[in-house]
2 protein chains.
Amino acid sequence: MQKILLLGSTGSIGENVLNIVRTQKEFYKIIGISAKNRSKELVQQALEFNPDFVLIGNEQLFSEVKNALAHTKIQVFSGEQNLAKLVRECDFDLLFNSLVGSVGVLPTIESLKKGKDVALANKETLVVAGEFVMNLARQKKAFVRPVDSEHSAIWQCLVGENEKEIDKLIITASGGPFRTLPKEKFANVTVQEALNHPNWKMGNKITIDSATLMNKGFEVIEAYHFFGNVKVEVVVHPQSIIHSMVEFCDGSVKAQLGIPDMKIPIQFALSYPKRWKSEFERMDLAKIGKLTFELPDFEKFRCLKLALDCLESGGTSACVLNAANEIAVEYFLKEKIRFTQIPEMIEKSLEKHEFFSHPSVEMLLEIDLRTRNFVRKEIEKLC
Amino acid sequence: MQKILLLGSTGSIGENVLNIVRTQKEFYKIIGISAKNRSKELVQQALEFNPDFVLIGNEQLFSEVKNALAHTKIQVFSGEQNLAKLVRECDFDLLFNSLVGSVGVLPTIESLKKGKDVALANKETLVVAGEFVMNLARQKKAFVRPVDSEHSAIWQCLVGENEKEIDKLIITASGGPFRTLPKEKFANVTVQEALNHPNWKMGNKITIDSATLMNKGFEVIEAYHFFGNVKVEVVVHPQSIIHSMVEFCDGSVKAQLGIPDMKIPIQFALSYPKRWKSEFERMDLAKIGKLTFELPDFEKFRCLKLALDCLESGGTSACVLNAANEIAVEYFLKEKIRFTQIPEMIEKSLEKHEFFSHPSVEMLLEIDLRTRNFVRKEIEKLC
C-alpha cells in the first residue's frame with residue numbers, strides 16, 4: 001500500500017489524481033490533502049478518502065473545515081506556511097505536488113530531503129530552484145516524476161534509454177489562442193480572449209501563461225533541469241497531439257502522443273514503472289488527419305524569448321521571471337494592465353534585479369518576494 | 001570485438017552495414033560476406049574488409065571470385081544452398097541477414113539454433129516461418145533484432161517498456177506511388193510507374209511490394225511475430241516521418257520519427273543497447289511543416305487485405321502469400337502480367353493450397369516451392 005500526500009487536491013490535477021486513486025484503492029492510500037480556498041471540496045474529499053491530515057491554506061476557513069470534520073479522526077491544519085511542515089512530519093511514500101505558485105517549492109524540497117519521491121505538477125519548483133532541487137534529488141536518491149504532459153512525454157520516451165545519449169529535447173507548444181493573431185493586435189487582447197485556450201482546459205493563471213507562451217518557457221526551463229541539463233528546443237504544434245520529443249545522438253527521434261488530456265500523464269506519474277489499463281479516450285490519427293509544425297514567433301511571444309534568455313543566464317534570473325510573471329498575470333486578469341505589459345513588467349524586473357549565479361533557496365524565496373513587490377509597485381504607478 | 005556474418009552484403013542494406021562498420025572498426029569485425037550475383041562488388045568488399053569467408057550465390061561466378069581473391073587467405077564458397085551451412089560452421093557473434101527472398105529463412109534458423117543473435121532485414125523469415133522462428137529464438141535465448149524502419153521504430157518505442165502492456169502496434173505506410181490513383185486506373189499501371197516510390201530508395205522487388213502495399217502487409221505479419229503476437233494496425237502516412245507507433249494499455253502512444261533513411265535503424269541494430277553518435281541528416285519538423293494520416297483503402301490495395309487475412313488464418317497461409325507474390329512480382333517486372341494480376345495470382349494460390357495450421361519448416365519450404373511452380377504455370381497459361 002503506497003501512501004500519497006496530495007497537496008493542491010481541489011485543483012484540476014488534484015481532482016484527476018483522486019479520480020485515478022479511486023480506481024486503485026487496493027494499492028494507494030491518500031494520507032493527506034490540502035487546498036487553498038476551496039474548503040467545501042476539501043471537506044468532501046476528506047470525507048470520501050479519509051486521510052490522516054487535511055490542510056486549508058486560507059486561515060479564515062480553518063474553523064469551517066475543522067467543524068465539518070469534527071466527527072472524524074482527521075487532523076486539520078491551516079496556513080500555506082505550514083505545508084512544508086506537514087511534508088516534514090507526515091509519513092508518506094509519494095508526495096503529489098500540484099500546488100500552484102512558488103508556495104510549491106519548499107514542500108518539494110522537504111520531501112526530497114526525506115528521500116521521498118515527488119510527482120511534480122508544481123511548475124515553480126524547477127523554474128525557481130531547478131538546480132538546487134535536482135541536485136538534492138540526486139544526492140538523496142529520490143526521484144522527481146514529471147506530471148506535465150510535455151515532461152511526461154519526454155520521460156516516457158526516455159524509459160530504457162541513456163540520458164547521456166540525448167542530443168536535444170523538443171517541446172511542443174500549441175501556440176495558444178493568439179498563434180495567428182497579427183503582432184499589432186496583441187496590445188488589445190482581452191482577458192476573455194486570452195482565457196480561451198484551443199486545446200487544454202486549465203486554471204486561469206496557466207491559461208494566460210499559455211496565451212503568452214510563458215508556460216512553454218517555464219516548461220523549457222523545467223525540462224532542462226528534469227533531464228540532466230540538456231539542450232531544449234520549442235516547436236509549435238497547434239493540435240497538441242505530439243506532447244514532446246527526444247532526439248538522440250544517432251539522429252533517432254522518439255515522441256509520445258495522445259489526445260490533449262492530463263489523465264494519462266497523471267496516471268503514469270502514479271503507476272510508474274508500470275502502466276495501468278485505462279478506459280481513457282484513445283487517439284485516432286486517421287480521424288485527426290493532420291499534424292502541423294512551425295517555429296515559434298519570438299517577436300510576438302516575448303515571454304517565451306525572455307524565458308529562454310533566463311535559462312541561458314541561469315542563477316536568479318528564472319526566479320525573477322516567474323515572480324514578475326505571476327504578479328503581472330494577476331493584474332492582467334484584473335484588467336489592470338494590458339496583455340503586452342506582461343513581458344514589459346518581466347523585462348523591467350530582470351533589468352532591475354541583482355543577479356546571483358548560485359543562489360541558496362532562502363535567497364531565491366527572498367528575491368521572489370522582492371520581485372513581486374517591485375512589480376506591484378510598478379503597476380500601481382501606472383494606475 | 002564483435003564478429004559479424006553479413007549475408008547479402010552487396011544490397012543497399014548490406015552496403016549500409018559496411019558503411020557503419022567502417023566507422024566502428026575497433027568494435028566490429030566482418031567475418032563473412034555473401035552476394036547472389038554482384039561478384040565485382042563482393043570481391044571489392046572482401047579486399048577491403050578481409051573476412052574469413054566469402055560466398056557467391058550464383059555458382060557460375062565462383063571461379064571469377066575465387067581467382068580475384070587467390071592472393072588472399074579468404075575462403076571462397078558458392079551456391080545459395082550453402083548459406084545455411086556457412087552459418088552453421090562459421091564462428092560469429094551476430095548474423096546480419098539482409099538476404100532477399102525465402103532463401104533467408106534457413107540462415108536465420110541456423111543462427112538461432114546456435115543461440116546467436118540475428119539482425120533481421122530479410123522479410124521472408126518471419127512472413128514464412130514467424131511462429132517457428134520466434135519460438136526457436138525464445139527457446140535458445142537468442143534475440144532477433146529488427147532492421148526494417150517500421151519494426152526498428154516499434155522496437156525503439158518498446159525499450160524499457162513491458163510487452164504485456166501493449167494494446168496495439170500502429171504501422172505507418174507511405175501509401176506508395178498509387179495512394180491517390182483512382183481504382184479503375186490500377187490495371188494499367190506500368191512497371192516504370194510502380195518503381196517510382198515517393199519516399200524510399202530500395203530494390204525493385206520491394207519497391208513493387210510497396211506500390212501494391214504488400215510490403216506493408218508483410219510488415220504487419222512480421223510485427224505480429226516480432227513483438228509477442230499483439231494486435232497490429234496500419235495507418236497511411238505519406239510523409240514517412242513517423243516510422244511506426246505503439247499504443248499502450250493506459251492509452252499512451254509512443255512513436256519513433258526521422259527522415260526516411262535506413263541508416264538509423266541499421267545502425268541501431270548494430271549498436272543496441274547503445275546509440276552511437278552519428279552525422280546522419282536530422283529531422284526538422286518545422287521545415288517539414290505537416291504530417292498527414294488516413295486509413296488504407298483495401299479495395300485499391302488488395303494485397304494488403306490479403307496479407308491481413310493470412311495473418312488471421314495463420315498456419316501455411318502467409319507462406320503461400322509470400323511465394324505467390326514473389327513470382328507474380330517477378331512476372332510483373334518482366335511485363336508479363338498486369339499490376340492488378342499480382343493480387344489475383346495470390347488469391348488463386350491461397351484458394352488452391354492445402355492449409356496446415358502448424359507446419360514444420362520443411363513443409364513450409366515445400367509449400368513455398370509448390371506455390372511458385374503453381375503461379376508460374378498459371379501465368380504461362382495466360383501468355
# chains A, B, ... in the order shown; residues from 1 in each chain; ligands from 1
call {"tool": "residues_around", "arguments": {"residues": "stretch 43-47 of chain B", "least_positions_apart": "5", "cutoff": "12 Å", "atoms": "only C-alpha atoms", "output": "number ranges by chain"}}
result
B: 6, 8-11, 14-15, 17-19, 22, 30-35, 37-38, 52-56, 61-76
call {"tool": "write_last_selection", "arguments": {"atoms": "N, CA, C and O atoms", "output": "short mmCIF file (atom, residue, chain, number, x, y, z; two decimals), in the first residue's frame"}}
result
data_model
loop_
_atom_site.label_atom_id
_atom_site.label_comp_id
_atom_site.auth_asym_id
_atom_site.auth_seq_id
_atom_site.Cartn_x
_atom_site.Cartn_y
_atom_site.Cartn_z
N LEU B 6 27.75 -11.21 -42.43
CA LEU B 6 26.81 -10.35 -43.16
C LEU B 6 26.40 -11.03 -44.46
O LEU B 6 27.18 -11.11 -45.42
N GLY B 8 24.15 -11.10 -47.82
CA GLY B 8 23.52 -10.09 -48.67
C GLY B 8 24.27 -8.78 -48.55
O GLY B 8 23.66 -7.73 -48.35
N SER B 9 25.59 -8.83 -48.70
CA SER B 9 26.41 -7.65 -48.38
C SER B 9 26.44 -6.61 -49.50
O SER B 9 26.86 -5.48 -49.28
N THR B 10 26.00 -6.99 -50.72
CA THR B 10 26.09 -6.02 -51.82
C THR B 10 24.77 -5.30 -52.10
O THR B 10 24.71 -4.44 -52.97
N GLY B 11 23.71 -5.65 -51.36
CA GLY B 11 22.45 -4.92 -51.50
C GLY B 11 22.53 -3.59 -50.76
O GLY B 11 23.55 -3.27 -50.15
N GLY B 14 23.04 -4.17 -47.00
CA GLY B 14 24.38 -4.70 -46.76
C GLY B 14 25.44 -3.61 -46.88
O GLY B 14 26.34 -3.50 -46.03
N GLU B 15 25.31 -2.77 -47.90
CA GLU B 15 26.29 -1.69 -48.08
C GLU B 15 26.25 -0.70 -46.92
O GLU B 15 27.28 -0.20 -46.49
N VAL B 17 25.38 -1.44 -43.89
CA VAL B 17 26.01 -2.11 -42.74
C VAL B 17 27.52 -1.90 -42.81
O VAL B 17 28.16 -1.52 -41.82
N LEU B 18 28.08 -2.12 -44.00
CA LEU B 18 29.53 -1.98 -44.14
C LEU B 18 29.97 -0.52 -43.93
O LEU B 18 31.01 -0.27 -43.32
N ASN B 19 29.16 0.43 -44.39
CA ASN B 19 29.48 1.85 -44.16
C ASN B 19 29.57 2.16 -42.67
O ASN B 19 30.42 2.93 -42.23
N ARG B 22 32.55 0.38 -41.01
CA ARG B 22 33.78 1.08 -41.38
C ARG B 22 34.14 2.16 -40.35
O ARG B 22 35.32 2.43 -40.10
N ILE B 30 34.10 -7.91 -39.66
CA ILE B 30 33.28 -8.64 -40.62
C ILE B 30 33.96 -9.99 -40.87
O ILE B 30 35.06 -10.05 -41.40
N ILE B 31 33.27 -11.06 -40.49
CA ILE B 31 33.88 -12.40 -40.53
C ILE B 31 33.51 -13.14 -41.82
O ILE B 31 34.22 -14.04 -42.26
N GLY B 32 32.38 -12.71 -42.42
CA GLY B 32 31.95 -13.35 -43.67
C GLY B 32 30.96 -12.47 -44.41
O GLY B 32 30.22 -11.71 -43.78
N ILE B 33 30.97 -12.53 -45.75
CA ILE B 33 30.01 -11.78 -46.55
C ILE B 33 29.50 -12.67 -47.68
O ILE B 33 30.13 -13.67 -48.03
N SER B 34 28.34 -12.30 -48.23
CA SER B 34 27.81 -13.07 -49.36
C SER B 34 27.03 -12.17 -50.30
O SER B 34 26.51 -11.13 -49.90
N ALA B 35 27.01 -12.58 -51.57
CA ALA B 35 26.20 -11.89 -52.58
C ALA B 35 25.64 -12.94 -53.52
O ALA B 35 26.15 -14.06 -53.58
N ASN B 37 24.73 -12.26 -57.11
CA ASN B 37 25.27 -12.08 -58.45
C ASN B 37 26.37 -11.03 -58.56
O ASN B 37 27.16 -11.07 -59.49
N ARG B 38 26.36 -10.06 -57.62
CA ARG B 38 27.29 -8.94 -57.78
C ARG B 38 28.70 -9.31 -57.35
O ARG B 38 29.20 -8.92 -56.29
N ASP B 52 36.94 -13.82 -43.23
CA ASP B 52 37.47 -15.18 -43.35
C ASP B 52 36.79 -15.93 -44.50
O ASP B 52 37.40 -16.79 -45.12
N PHE B 53 35.49 -15.59 -44.72
CA PHE B 53 34.72 -16.33 -45.72
C PHE B 53 33.99 -15.40 -46.67
O PHE B 53 33.52 -14.33 -46.26
N VAL B 54 33.85 -15.86 -47.91
CA VAL B 54 33.04 -15.16 -48.90
C VAL B 54 32.20 -16.22 -49.61
O VAL B 54 32.69 -17.31 -49.90
N LEU B 55 30.91 -15.91 -49.84
CA LEU B 55 30.07 -16.85 -50.58
C LEU B 55 29.37 -16.12 -51.72
O LEU B 55 28.74 -15.08 -51.49
N ILE B 56 29.53 -16.65 -52.93
CA ILE B 56 28.82 -16.10 -54.08
C ILE B 56 27.69 -17.07 -54.44
O ILE B 56 27.92 -18.27 -54.64
N LEU B 61 29.68 -17.84 -61.06
CA LEU B 61 30.62 -16.75 -60.79
C LEU B 61 31.71 -17.16 -59.81
O LEU B 61 32.56 -16.36 -59.42
N PHE B 62 31.68 -18.46 -59.42
CA PHE B 62 32.63 -18.94 -58.40
C PHE B 62 34.09 -18.69 -58.80
O PHE B 62 34.86 -18.10 -58.04
N SER B 63 34.46 -19.13 -60.02
CA SER B 63 35.88 -19.02 -60.41
C SER B 63 36.32 -17.57 -60.47
O SER B 63 37.44 -17.23 -60.08
N GLU B 64 35.44 -16.71 -60.95
CA GLU B 64 35.78 -15.28 -61.02
C GLU B 64 36.16 -14.74 -59.64
O GLU B 64 37.20 -14.09 -59.46
N VAL B 65 35.30 -15.07 -58.64
CA VAL B 65 35.55 -14.58 -57.28
C VAL B 65 36.79 -15.26 -56.70
O VAL B 65 37.66 -14.62 -56.11
N LYS B 66 36.85 -16.56 -56.89
CA LYS B 66 37.98 -17.36 -56.38
C LYS B 66 39.31 -16.81 -56.90
O LYS B 66 40.24 -16.59 -56.12
N ASN B 67 39.36 -16.56 -58.21
CA ASN B 67 40.60 -16.06 -58.81
C ASN B 67 40.96 -14.67 -58.30
O ASN B 67 42.11 -14.38 -58.01
N ALA B 68 39.94 -13.82 -58.18
CA ALA B 68 40.19 -12.44 -57.74
C ALA B 68 40.74 -12.40 -56.32
O ALA B 68 41.42 -11.45 -55.94
N LEU B 69 40.41 -13.46 -55.53
CA LEU B 69 40.86 -13.47 -54.13
C LEU B 69 41.96 -14.51 -53.89
O LEU B 69 42.28 -14.83 -52.74
N ALA B 70 42.52 -15.01 -54.98
CA ALA B 70 43.51 -16.10 -54.88
C ALA B 70 44.73 -15.70 -54.06
O ALA B 70 45.31 -16.53 -53.35
N HIS B 71 45.09 -14.43 -54.12
CA HIS B 71 46.29 -13.98 -53.41
C HIS B 71 46.02 -13.71 -51.92
O HIS B 71 46.91 -13.27 -51.19
N THR B 72 44.77 -13.95 -51.46
CA THR B 72 44.43 -13.69 -50.05
C THR B 72 44.20 -15.01 -49.32
O THR B 72 44.23 -16.07 -49.92
N LYS B 73 43.95 -14.90 -48.00
CA LYS B 73 43.66 -16.11 -47.22
C LYS B 73 42.15 -16.36 -47.14
O LYS B 73 41.69 -17.24 -46.41
N ILE B 74 41.36 -15.54 -47.84
CA ILE B 74 39.90 -15.62 -47.75
C ILE B 74 39.40 -16.90 -48.41
O ILE B 74 39.78 -17.22 -49.55
N GLN B 75 38.56 -17.66 -47.70
CA GLN B 75 37.98 -18.88 -48.28
C GLN B 75 36.75 -18.51 -49.08
O GLN B 75 35.90 -17.77 -48.62
N VAL B 76 36.63 -19.06 -50.27
CA VAL B 76 35.51 -18.73 -51.16
C VAL B 76 34.59 -19.93 -51.34
O VAL B 76 35.05 -21.04 -51.63
#
call {"tool": "interface_residues", "arguments": {"of": "chain B", "to": "chain A", "cutoff": "7 Å", "atoms": "only C-alpha atoms", "output": "PDB file with N, CA and C atoms, in the first residue's frame"}}
result
ATOM      1  N   VAL B 159      11.774  -0.127 -25.881  1.00  0.00           N
ATOM      2  CA  VAL B 159      12.923  -0.183 -24.977  1.00  0.00           C
ATOM      3  C   VAL B 159      12.464   0.269 -23.582  1.00  0.00           C
ATOM      4  N   GLY B 160      12.692  -0.533 -22.569  1.00  0.00           N
ATOM      5  CA  GLY B 160      12.319  -0.172 -21.197  1.00  0.00           C
ATOM      6  C   GLY B 160      10.849  -0.351 -20.876  1.00  0.00           C
ATOM      7  N   GLU B 165       2.172  -4.810 -21.717  1.00  0.00           N
ATOM      8  CA  GLU B 165       1.356  -3.592 -21.575  1.00  0.00           C
ATOM      9  C   GLU B 165       1.042  -2.932 -22.916  1.00  0.00           C
ATOM     10  N   VAL B 235      -1.781   2.573 -40.584  1.00  0.00           N
ATOM     11  CA  VAL B 235      -2.300   3.905 -40.912  1.00  0.00           C
ATOM     12  C   VAL B 235      -1.416   4.473 -42.025  1.00  0.00           C
ATOM     13  N   CYS B 249      -1.483   0.075 -22.864  1.00  0.00           N
ATOM     14  CA  CYS B 249      -2.774  -0.197 -22.228  1.00  0.00           C
ATOM     15  C   CYS B 249      -3.346   1.002 -21.488  1.00  0.00           C
ATOM     16  N   ASP B 250      -2.510   2.002 -21.158  1.00  0.00           N
ATOM     17  CA  ASP B 250      -3.029   3.196 -20.485  1.00  0.00           C
ATOM     18  C   ASP B 250      -3.500   4.250 -21.490  1.00  0.00           C
ATOM     19  N   GLY B 251      -3.339   3.978 -22.786  1.00  0.00           N
ATOM     20  CA  GLY B 251      -3.770   4.912 -23.816  1.00  0.00           C
ATOM     21  C   GLY B 251      -2.635   5.769 -24.349  1.00  0.00           C
ATOM     22  N   SER B 252      -1.464   5.692 -23.717  1.00  0.00           N
ATOM     23  CA  SER B 252      -0.303   6.458 -24.177  1.00  0.00           C
ATOM     24  C   SER B 252       0.241   5.840 -25.468  1.00  0.00           C
ATOM     25  N   VAL B 253       0.656   6.708 -26.396  1.00  0.00           N
ATOM     26  CA  VAL B 253       1.207   6.238 -27.670  1.00  0.00           C
ATOM     27  C   VAL B 253       2.638   6.741 -27.790  1.00  0.00           C
ATOM     28  N   LYS B 254       3.553   5.851 -28.152  1.00  0.00           N
ATOM     29  CA  LYS B 254       4.922   6.273 -28.417  1.00  0.00           C
ATOM     30  C   LYS B 254       5.252   6.036 -29.881  1.00  0.00           C
ATOM     31  N   ALA B 255       6.018   6.953 -30.463  1.00  0.00           N
ATOM     32  CA  ALA B 255       6.373   6.858 -31.876  1.00  0.00           C
ATOM     33  C   ALA B 255       7.860   7.098 -32.030  1.00  0.00           C
ATOM     34  N   GLN B 256       8.417   6.557 -33.106  1.00  0.00           N
ATOM     35  CA  GLN B 256       9.797   6.885 -33.449  1.00  0.00           C
ATOM     36  C   GLN B 256       9.735   7.616 -34.789  1.00  0.00           C
ATOM     37  N   LEU B 257      10.498   8.698 -34.889  1.00  0.00           N
ATOM     38  CA  LEU B 257      10.447   9.546 -36.071  1.00  0.00           C
ATOM     39  C   LEU B 257      11.839   9.775 -36.636  1.00  0.00           C
ATOM     40  N   GLY B 258      11.864  10.220 -37.885  1.00  0.00           N
ATOM     41  CA  GLY B 258      13.123  10.551 -38.531  1.00  0.00           C
ATOM     42  C   GLY B 258      12.891  10.728 -40.015  1.00  0.00           C
ATOM     43  N   ILE B 264      19.682   4.968 -39.743  1.00  0.00           N
ATOM     44  CA  ILE B 264      19.451   4.915 -38.292  1.00  0.00           C
ATOM     45  C   ILE B 264      19.033   3.515 -37.833  1.00  0.00           C
ATOM     46  N   ARG B 275      23.377   3.717 -28.289  1.00  0.00           N
ATOM     47  CA  ARG B 275      23.201   4.515 -29.501  1.00  0.00           C
ATOM     48  C   ARG B 275      24.533   5.176 -29.793  1.00  0.00           C
ATOM     49  N   TRP B 276      24.931   5.159 -31.066  1.00  0.00           N
ATOM     50  CA  TRP B 276      26.186   5.797 -31.433  1.00  0.00           C
ATOM     51  C   TRP B 276      25.913   7.172 -32.021  1.00  0.00           C
ATOM     52  N   LYS B 277      26.763   8.098 -31.671  1.00  0.00           N
ATOM     53  CA  LYS B 277      26.694   9.440 -32.239  1.00  0.00           C
ATOM     54  C   LYS B 277      26.818   9.321 -33.754  1.00  0.00           C
ATOM     55  N   SER B 278      25.976  10.021 -34.483  1.00  0.00           N
ATOM     56  CA  SER B 278      26.053   9.941 -35.941  1.00  0.00           C
ATOM     57  C   SER B 278      25.944  11.322 -36.558  1.00  0.00           C
ATOM     58  N   PHE B 280      24.259  11.511 -39.377  1.00  0.00           N
ATOM     59  CA  PHE B 280      23.132  11.334 -40.302  1.00  0.00           C
ATOM     60  C   PHE B 280      22.286  12.603 -40.313  1.00  0.00           C
ATOM     61  N   ARG B 282      19.457  15.206 -39.893  1.00  0.00           N
ATOM     62  CA  ARG B 282      18.461  15.290 -38.830  1.00  0.00           C
ATOM     63  C   ARG B 282      17.090  15.689 -39.374  1.00  0.00           C
ATOM     64  N   LEU B 285      11.018  19.171 -37.997  1.00  0.00           N
ATOM     65  CA  LEU B 285       9.558  19.156 -38.167  1.00  0.00           C
ATOM     66  C   LEU B 285       9.007  20.506 -38.626  1.00  0.00           C
ATOM     67  N   ALA B 286       9.593  21.602 -38.150  1.00  0.00           N
ATOM     68  CA  ALA B 286       9.092  22.921 -38.555  1.00  0.00           C
ATOM     69  C   ALA B 286       9.285  23.097 -40.065  1.00  0.00           C
ATOM     70  N   GLY B 289       6.784  20.757 -41.785  1.00  0.00           N
ATOM     71  CA  GLY B 289       5.525  21.503 -41.710  1.00  0.00           C
ATOM     72  C   GLY B 289       4.279  20.709 -41.403  1.00  0.00           C
ATOM     73  N   LYS B 290       4.107  19.546 -42.072  1.00  0.00           N
ATOM     74  CA  LYS B 290       2.815  18.859 -41.988  1.00  0.00           C
ATOM     75  C   LYS B 290       2.982  17.346 -42.079  1.00  0.00           C
ATOM     76  N   LEU B 291       2.320  16.639 -41.198  1.00  0.00           N
ATOM     77  CA  LEU B 291       2.257  15.180 -41.276  1.00  0.00           C
ATOM     78  C   LEU B 291       0.784  14.814 -41.447  1.00  0.00           C
ATOM     79  N   THR B 292       0.485  13.956 -42.416  1.00  0.00           N
ATOM     80  CA  THR B 292      -0.927  13.592 -42.616  1.00  0.00           C
ATOM     81  C   THR B 292      -1.129  12.087 -42.435  1.00  0.00           C
ATOM     82  N   PHE B 293      -2.379  11.733 -42.170  1.00  0.00           N
ATOM     83  CA  PHE B 293      -2.734  10.346 -41.840  1.00  0.00           C
ATOM     84  C   PHE B 293      -4.091  10.016 -42.437  1.00  0.00           C
ATOM     85  N   GLU B 294      -4.240   8.796 -42.934  1.00  0.00           N
ATOM     86  CA  GLU B 294      -5.538   8.349 -43.450  1.00  0.00           C
ATOM     87  C   GLU B 294      -5.604   6.830 -43.342  1.00  0.00           C
ATOM     88  N   LEU B 295      -6.814   6.300 -43.463  1.00  0.00           N
ATOM     89  CA  LEU B 295      -6.954   4.847 -43.413  1.00  0.00           C
ATOM     90  C   LEU B 295      -6.551   4.251 -44.759  1.00  0.00           C
TER      91      LEU B 295
END
call {"tool": "residues_around", "arguments": {"residues": "A:Thr108", "least_positions_apart": "5", "cutoff": "8 Å", "atoms": "only C-alpha atoms", "output": "list in words"}}
result
Leu95, Asn97, Val118, Leu120, Thr125 and Val133 of chain A
call {"tool": "residues_around", "arguments": {"residues": "A:Leu304", "least_positions_apart": "2", "cutoff": "7 Å", "atoms": "only C-alpha atoms", "output": "ChimeraX atom specification"}}
result
/A:213-214,216-217,298,301-302,306-308
call {"tool": "residues_around", "arguments": {"residues": "A:Ile342", "least_positions_apart": "3", "cutoff": "12 Å", "atoms": "only C-alpha atoms", "output": "PyMOL selection string"}}
result
chain A and resi 186-187+189+208-209+211-214+301-304+306+321-333+335-339+345-349+375+378-379
call {"tool": "select_by_dssp", "arguments": {"residues": "stretch 42-225 of chain B", "states": "strand (DSSP E or B)", "output": "ChimeraX atom specification"}}
result
/B:53-56,75-78,94-97,117-120,144-146,166-173
call {"tool": "write_last_selection", "arguments": {"atoms": "N, CA and C atoms", "output": "tab-separated table (two decimals), in the first residue's frame"}}
result
chain	number	residue	atom	x	y	z
B	53	PHE	N	35.49	-15.59	-44.72
B	53	PHE	CA	34.72	-16.33	-45.72
B	53	PHE	C	33.99	-15.40	-46.67
B	54	VAL	N	33.85	-15.86	-47.91
B	54	VAL	CA	33.04	-15.16	-48.90
B	54	VAL	C	32.20	-16.22	-49.61
B	55	LEU	N	30.91	-15.91	-49.84
B	55	LEU	CA	30.07	-16.85	-50.58
B	55	LEU	C	29.37	-16.12	-51.72
B	56	ILE	N	29.53	-16.65	-52.93
B	56	ILE	CA	28.82	-16.10	-54.08
B	56	ILE	C	27.69	-17.07	-54.44
B	75	GLN	N	38.56	-17.66	-47.70
B	75	GLN	CA	37.98	-18.88	-48.28
B	75	GLN	C	36.75	-18.51	-49.08
B	76	VAL	N	36.63	-19.06	-50.27
B	76	VAL	CA	35.51	-18.73	-51.16
B	76	VAL	C	34.59	-19.93	-51.34
B	77	PHE	N	33.29	-19.70	-51.13
B	77	PHE	CA	32.27	-20.73	-51.36
B	77	PHE	C	31.28	-20.23	-52.38
B	78	SER	N	30.44	-21.15	-52.88
B	78	SER	CA	29.39	-20.72	-53.80
B	78	SER	C	28.13	-21.53	-53.59
B	94	LEU	N	27.09	-12.12	-34.32
B	94	LEU	CA	25.82	-11.59	-34.82
B	94	LEU	C	25.69	-11.90	-36.30
B	95	LEU	N	24.56	-12.51	-36.66
B	95	LEU	CA	24.27	-12.69	-38.09
B	95	LEU	C	23.48	-11.49	-38.55
B	96	PHE	N	23.99	-10.77	-39.55
B	96	PHE	CA	23.21	-9.69	-40.15
B	96	PHE	C	22.64	-10.26	-41.44
B	97	ASN	N	21.34	-10.57	-41.40
B	97	ASN	CA	20.70	-11.26	-42.52
B	97	ASN	C	19.97	-10.26	-43.41
B	117	ASP	N	22.44	-14.09	-31.89
B	117	ASP	CA	21.50	-13.03	-32.29
B	117	ASP	C	21.49	-12.85	-33.81
B	118	VAL	N	20.34	-12.43	-34.31
B	118	VAL	CA	20.19	-12.16	-35.74
B	118	VAL	C	19.64	-10.74	-35.91
B	119	ALA	N	20.35	-9.90	-36.66
B	119	ALA	CA	19.78	-8.62	-37.10
B	119	ALA	C	19.06	-8.96	-38.41
B	120	LEU	N	17.74	-8.84	-38.39
B	120	LEU	CA	16.94	-9.44	-39.46
B	120	LEU	C	16.36	-8.40	-40.42
B	144	VAL	N	16.22	-11.65	-31.83
B	144	VAL	CA	16.07	-11.25	-33.22
B	144	VAL	C	15.88	-9.73	-33.24
B	145	ARG	N	16.85	-9.02	-33.81
B	145	ARG	CA	16.81	-7.55	-33.82
B	145	ARG	C	16.19	-7.06	-35.13
B	146	PRO	N	15.15	-6.25	-35.04
B	146	PRO	CA	14.54	-5.72	-36.27
B	146	PRO	C	15.48	-4.76	-36.99
B	166	ILE	N	1.35	-3.64	-24.02
B	166	ILE	CA	0.99	-3.14	-25.36
B	166	ILE	C	-0.49	-3.37	-25.61
B	167	ASP	N	-1.18	-2.35	-26.11
B	167	ASP	CA	-2.56	-2.55	-26.58
B	167	ASP	C	-2.55	-2.89	-28.07
B	168	LYS	N	-1.79	-2.12	-28.85
B	168	LYS	CA	-1.64	-2.44	-30.27
B	168	LYS	C	-0.43	-1.74	-30.85
B	169	LEU	N	0.03	-2.24	-31.99
B	169	LEU	CA	1.09	-1.59	-32.75
B	169	LEU	C	0.41	-0.87	-33.92
B	170	ILE	N	0.92	0.30	-34.26
B	170	ILE	CA	0.38	1.04	-35.40
B	170	ILE	C	1.51	1.23	-36.39
B	171	ILE	N	1.43	0.49	-37.51
B	171	ILE	CA	2.48	0.57	-38.52
B	171	ILE	C	2.08	1.64	-39.54
B	172	THR	N	3.00	2.54	-39.83
B	172	THR	CA	2.69	3.57	-40.82
B	172	THR	C	3.08	3.08	-42.22
B	173	ALA	N	2.30	3.53	-43.20
B	173	ALA	CA	2.53	3.17	-44.61
B	173	ALA	C	2.56	4.46	-45.41
call {"tool": "residues_around", "arguments": {"residues": "B:Asn229", "least_positions_apart": "5", "cutoff": "10 Å", "atoms": "only C-alpha atoms", "output": "number ranges by chain"}}
result
B: 131, 163, 168, 221-224
call {"tool": "write_last_selection", "arguments": {"atoms": "C-alpha atoms", "output": "PDB file, in the first residue's frame"}}
result
ATOM      1  CA  GLU B 131       5.850 -18.672 -35.328  1.00  0.00           C
ATOM      2  CA  GLU B 163       5.446  -6.089 -23.948  1.00  0.00           C
ATOM      3  CA  LYS B 168      -1.635  -2.443 -30.266  1.00  0.00           C
ATOM      4  CA  ILE B 221       2.813 -10.130 -40.198  1.00  0.00           C
ATOM      5  CA  GLU B 222       6.439  -9.613 -39.135  1.00  0.00           C
ATOM      6  CA  ALA B 223       5.446  -7.138 -36.385  1.00  0.00           C
ATOM      7  CA  TYR B 224       2.900  -9.588 -35.039  1.00  0.00           C
TER       8      TYR B 224
END
call {"tool": "select_by_dssp", "arguments": {"residues": "stretch 133-347 of chain A", "states": "alpha helix (DSSP H)", "output": "number ranges by chain"}}
result
A: 133-140, 149-158, 191-194, 204-212, 214-226, 263-271, 285-288, 302-313, 317-333, 341-347
call {"tool": "residues_around", "arguments": {"residues": "stretch 102-106 of chain B", "least_positions_apart": "4", "cutoff": "9 Å", "atoms": "only C-alpha atoms", "output": "PyMOL selection string"}}
result
chain B and resi 7+80-81+83-84+97-98+110-111+122-126+128-129+133+322-323+361+365+368
call {"tool": "atom_distance", "arguments": {"atom1": "atom CA of A:Lys140", "atom2": "atom CA of A:Lys114"}}
result
7.6 Å
